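Chemist: Following this line is entry-v7.cif, made up of mmCIF, C-alpha atoms:
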```cif
data_query
#
loop_
_atom_site.group_PDB
_atom_site.id
_atom_site.type_symbol
_atom_site.label_atom_id
_atom_site.label_comp_id
_atom_site.auth_asym_id
_atom_site.auth_seq_id
_atom_site.Cartn_x
_atom_site.Cartn_y
_atom_site.Cartn_z
ATOM 1 C CA MET A 141 23.103 -6.041 -21.844
ATOM 2 C CA ASN A 142 22.414 -8.908 -19.447
ATOM 3 C CA TYR A 143 20.309 -6.625 -17.240
ATOM 4 C CA ILE A 144 18.150 -5.511 -20.187
ATOM 5 C CA LEU A 145 17.635 -9.122 -21.227
ATOM 6 C CA LYS A 146 16.547 -10.023 -17.692
ATOM 7 C CA ILE A 147 14.046 -7.155 -17.681
ATOM 8 C CA LEU A 148 12.613 -8.298 -21.010
ATOM 9 C CA LEU A 149 12.344 -11.907 -19.790
ATOM 10 C CA SER A 150 10.650 -10.686 -16.615
ATOM 11 C CA ALA A 151 8.260 -8.589 -18.693
ATOM 12 C CA ILE A 152 7.352 -11.646 -20.769
ATOM 13 C CA ALA A 153 6.711 -13.584 -17.555
ATOM 14 C CA VAL A 154 4.578 -10.736 -16.151
ATOM 15 C CA PHE A 155 2.543 -10.544 -19.353
ATOM 16 C CA VAL A 156 1.950 -14.298 -19.563
ATOM 17 C CA LEU A 157 1.150 -14.658 -15.873
ATOM 18 C CA SER A 158 -1.320 -11.774 -16.007
ATOM 19 C CA ASN A 159 -3.314 -13.860 -18.489
ATOM 20 C CA ILE A 160 -3.089 -16.988 -16.315
ATOM 21 C CA VAL A 161 -3.584 -15.749 -12.752
ATOM 22 C CA PRO A 162 -7.141 -14.621 -11.983
ATOM 23 C CA GLY A 163 -7.272 -11.204 -10.376
ATOM 24 C CA ILE A 164 -4.225 -9.849 -12.242
ATOM 25 C CA SER A 165 -4.686 -7.704 -15.319
ATOM 26 C CA ILE A 166 -2.289 -5.741 -17.466
ATOM 27 C CA GLU A 167 -3.033 -3.392 -20.355
ATOM 28 C CA ASN A 168 -0.200 -4.037 -22.793
ATOM 29 C CA TYR A 169 3.361 -5.194 -23.197
ATOM 30 C CA THR A 170 4.773 -1.736 -22.452
ATOM 31 C CA THR A 171 3.057 -1.860 -19.079
ATOM 32 C CA ALA A 172 4.564 -5.320 -18.526
ATOM 33 C CA ILE A 173 8.052 -3.877 -19.100
ATOM 34 C CA LEU A 174 7.280 -1.076 -16.654
ATOM 35 C CA VAL A 175 6.018 -3.613 -14.089
ATOM 36 C CA ALA A 176 9.233 -5.634 -14.480
ATOM 37 C CA ILE A 177 11.363 -2.513 -13.929
ATOM 38 C CA VAL A 178 9.356 -1.304 -10.922
ATOM 39 C CA LEU A 179 9.313 -4.770 -9.340
ATOM 40 C CA GLY A 180 13.073 -4.990 -9.814
ATOM 41 C CA LEU A 181 13.573 -1.618 -8.142
ATOM 42 C CA LEU A 182 11.201 -2.406 -5.273
ATOM 43 C CA ASN A 183 12.859 -5.786 -4.703
ATOM 44 C CA THR A 184 16.257 -4.116 -4.669
ATOM 45 C CA LEU A 185 15.443 -1.114 -2.482
ATOM 46 C CA ILE A 186 12.444 -1.802 -0.254
ATOM 47 C CA ARG A 187 12.240 -5.593 0.120
ATOM 48 C CA PRO A 188 15.502 -5.926 2.112
ATOM 49 C CA LEU A 189 14.270 -3.311 4.584
ATOM 50 C CA LEU A 190 10.954 -5.096 5.026
ATOM 51 C CA ILE A 191 12.730 -8.411 5.532
ATOM 52 C CA PHE A 192 15.034 -6.858 8.136
ATOM 53 C CA PHE A 193 12.225 -5.262 10.123
ATOM 54 C CA THR A 194 10.074 -8.401 10.057
ATOM 55 C CA ILE A 195 12.756 -10.942 11.016
ATOM 56 C CA PRO A 196 10.935 -11.992 14.235
ATOM 57 C CA LEU A 197 7.656 -12.529 12.369
ATOM 58 C CA THR A 198 9.459 -14.398 9.608
ATOM 59 C CA ILE A 199 11.108 -16.694 12.158
ATOM 60 C CA ILE A 200 7.802 -17.351 13.968
ATOM 61 C CA THR A 201 6.080 -18.254 10.670
ATOM 62 C CA LEU A 202 9.065 -20.353 9.543
ATOM 63 C CA GLY A 203 9.654 -18.097 6.545
ATOM 64 C CA LEU A 204 6.106 -18.057 5.232
ATOM 65 C CA PHE A 205 5.816 -14.330 5.940
ATOM 66 C CA LEU A 206 8.237 -13.786 3.048
ATOM 67 C CA LEU A 207 5.326 -14.682 0.748
ATOM 68 C CA VAL A 208 3.412 -11.746 2.206
ATOM 69 C CA ILE A 209 6.411 -9.461 1.639
ATOM 70 C CA ASN A 210 6.637 -10.594 -1.994
ATOM 71 C CA ALA A 211 2.904 -9.982 -2.403
ATOM 72 C CA ALA A 212 3.363 -6.522 -0.879
ATOM 73 C CA MET A 213 5.935 -5.742 -3.592
ATOM 74 C CA VAL A 214 3.392 -6.753 -6.241
ATOM 75 C CA LEU A 215 0.700 -4.636 -4.579
ATOM 76 C CA LEU A 216 3.095 -1.667 -4.412
ATOM 77 C CA SER A 217 3.731 -2.074 -8.124
ATOM 78 C CA ASP A 218 -0.019 -2.032 -8.655
ATOM 79 C CA TYR A 219 -0.186 1.239 -6.716
ATOM 80 C CA PHE A 220 2.555 2.914 -8.787
ATOM 81 C CA ILE A 221 1.624 1.682 -12.276
ATOM 82 C CA ASN A 222 -1.541 2.544 -14.142
ATOM 83 C CA GLY A 223 -2.646 -0.339 -16.319
ATOM 84 C CA PHE A 224 -1.503 -3.017 -13.853
ATOM 85 C CA ASN A 225 -4.294 -4.163 -11.552
ATOM 86 C CA VAL A 226 -4.160 -6.662 -8.698
ATOM 87 C CA SER A 227 -7.491 -7.476 -7.085
ATOM 88 C CA GLY A 228 -6.221 -8.592 -3.679
ATOM 89 C CA LEU A 229 -3.650 -10.282 -1.483
ATOM 90 C CA PHE A 230 -4.178 -13.868 -2.632
ATOM 91 C CA PRO A 231 -3.807 -13.115 -6.353
ATOM 92 C CA ALA A 232 -0.694 -11.109 -5.453
ATOM 93 C CA ILE A 233 0.759 -14.062 -3.505
ATOM 94 C CA LEU A 234 0.031 -16.502 -6.336
ATOM 95 C CA PHE A 235 1.428 -14.067 -8.910
ATOM 96 C CA SER A 236 4.608 -13.500 -6.896
ATOM 97 C CA ILE A 237 5.198 -17.238 -6.445
ATOM 98 C CA LEU A 238 4.675 -18.002 -10.128
ATOM 99 C CA LEU A 239 6.745 -14.991 -11.187
ATOM 100 C CA SER A 240 9.633 -16.085 -8.971
ATOM 101 C CA LEU A 241 9.525 -19.613 -10.392
ATOM 102 C CA THR A 242 9.308 -18.374 -13.970
ATOM 103 C CA GLN A 243 12.148 -15.896 -13.502
ATOM 104 C CA SER A 244 14.304 -18.601 -11.936
ATOM 105 C CA ILE A 245 13.774 -20.837 -14.954
ATOM 106 C CA PHE A 246 14.416 -18.014 -17.432
ATOM 107 C CA TYR A 247 17.552 -16.815 -15.633
ATOM 108 C CA LYS A 248 18.901 -20.367 -15.376
ATOM 109 C CA LEU A 249 18.372 -20.860 -19.106
ATOM 110 C CA LEU A 250 20.018 -17.502 -19.780
ATOM 111 C CA ASP A 251 22.973 -18.461 -17.593
ATOM 112 C CA ASN A 252 23.339 -21.826 -19.349
ATOM 113 C CA THR A 253 23.385 -20.218 -22.798
ATOM 114 C CA LYS A 254 26.099 -17.785 -21.681
ATOM 115 C CA LYS A 255 28.288 -20.664 -20.433
ATOM 116 C CA THR A 256 28.073 -22.542 -23.730
ATOM 117 C CA HIS A 257 29.177 -19.548 -25.814
#
```
Mind turning the file's structure into structure tokens?

Modeler:
Amino acid sequence: MNYILKILLSAIAVFVLSNIVPGISIENYTTAILVAIVLGLLNTLIRPLLIFFTIPLTIITLGLFLLVINAAMVLLSDYFINGFNVSGLFPAILFSILLSLTQSIFYKLLDNTKKTH
């Protein structure tokens, strides 16, 4: 149940951010749910491998290369999902930063409501 709620919160964040960030467009809320699922899968399966293989580059850039890896996950989602369009690397970086911040806030609020009940 908690996992489904996190996907729905992520989908809301994806939908809202697609209206805020220039260069990101999404067709409908169903596509936003699909984007949230695909991003979750890519971040679980592929992102750790990319981080492992780019450790030297990440160290040289003092961790800033992780922003590029996050943007690559967004661009991969764009490749796999029709109806989700990202116009380039910089919108993908901005989208990934804002999505991470929004998800952190949502998940913290979700965690706080679970502790009070």

Chemist: Could you jot down the CA of Leu145 in chain A to CA of Leu250 in chain A separation for me, Å, one decimal place?

Modeler: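 Atom-to-atom, CA of Leu145 in chain A to CA of Leu250 in chain A, that is 8.8 Å.
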
Chemist: Just the number, please: distance in Å from CA of Val226 in chain A to CA of Ile195 in chain A, one decimal.

Modeler: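 Separation of CA of Val226 in chain A and CA of Ile195 in chain A: 26.3 Å.
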
Chemist: If you count all atoms listed in the file, which residues fall within 10 Å of Ile144 in chain A, apart from same-chain ones fewer than 5 positions away, as an MDAnalysis selection string?

Modeler: chainID A and resid 149:150 177

Chemist: CA of Val154 in chain A and CA of Ala172 in chain A are how many Å apart?

Modeler: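 Rounded to one decimal, the two atoms are 5.9 Å apart.
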
Chemist: Counting all atoms listed in the file, which of A:Phe224, A:Tyr169, A:Phe235, A:Phe205 gets nearest to Phe193 in chain A?

Modeler: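 Counting all atoms listed in the file, the residue closest to Phe193 in chain A is A:Phe205.
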
Chemist: Would you write out, as a PyMOL selection string, every residue that the PyMOL selection byres ((chain A and resi 232) around 8) captures in this file?

Modeler: chain A and resi 164+211-212+214-215+226-231+233-236

Chemist: Once the PyMOL selection byres ((chain A and resi 187) around 12) has been applied to the shown file, what residues remain in the selection, as number ranges by chain?

Modeler: A: 179-186, 188-194, 206-214, 216

Chemist: Excluding Thr171 in chain A and its own-chain neighbours fewer than 5 positions away, which residues fall within 10 Å of it when counting only C-alpha atoms? Please give them as a compact mmCIF listing (two decimals) with C-alpha atoms, in the coordinates of the input.

Modeler:
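Below is the file that was written, part.txt:
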```txt
# COMPACT_ATOMS: atom_id res chain seq x y z
CA ALA A 151 8.26 -8.59 -18.69
CA VAL A 154 4.58 -10.74 -16.15
CA PHE A 155 2.54 -10.54 -19.35
CA ILE A 166 -2.29 -5.74 -17.47
CA ALA A 176 9.23 -5.63 -14.48
CA ILE A 177 11.36 -2.51 -13.93
CA ILE A 221 1.62 1.68 -12.28
CA ASN A 222 -1.54 2.54 -14.14
CA GLY A 223 -2.65 -0.34 -16.32
CA PHE A 224 -1.50 -3.02 -13.85
```

Chemist: Padding 6 Å on each side, edges along x, y and z: where is the centre of the box around the listed atoms of range 170-184 of chain A, and how long are its edges in Å to one decimal? Output it as JSON.

Modeler:
```
{"center_x": 9.7, "center_y": -3.4, "center_z": -13.6, "size_x": 25.2, "size_y": 16.7, "size_z": 29.8}
```

Chemist: Go through A:Leu241, A:Leu174, A:Val161, A:Leu148 one by one, measure the shortest atom-to-atom distance of each to Ser217 in chain A using all atoms listed in the file, and give the residue with the smallest value.

Modeler: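 For Ser217 in chain A, the nearest of the given residues is A:Leu174.
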
Chemist: Under the rule that all atoms listed in the file are counted, which of A:Leu204, A:Ile147, A:Val175, A:Ala153 is the nearest residue to Leu239 in chain A?

Modeler: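 Selected residue with least distance to Leu239 in chain A: A:Ala153.
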
Chemist: With only C-alpha atoms as the atoms that count, which of A:Tyr247, A:Asn142, A:Val178, A:Gly163 lies nearest to Tyr219 in chain A?

Modeler: A:Val178

Chemist: For Glu167 in chain A, which of A:Thr253, A:Thr198, A:Phe220, A:Asn225 is the closest residue, counting only C-alpha atoms?

Modeler: A:Asn225

Chemist: Have a look at A:Ile199, A:Lys146, A:Lys255, A:Asn168 and name the one nearest to Thr242 in chain A; count only C-alpha atoms.

Modeler: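 The shortest atom-to-atom distance to Thr242 in chain A comes from A:Lys146.
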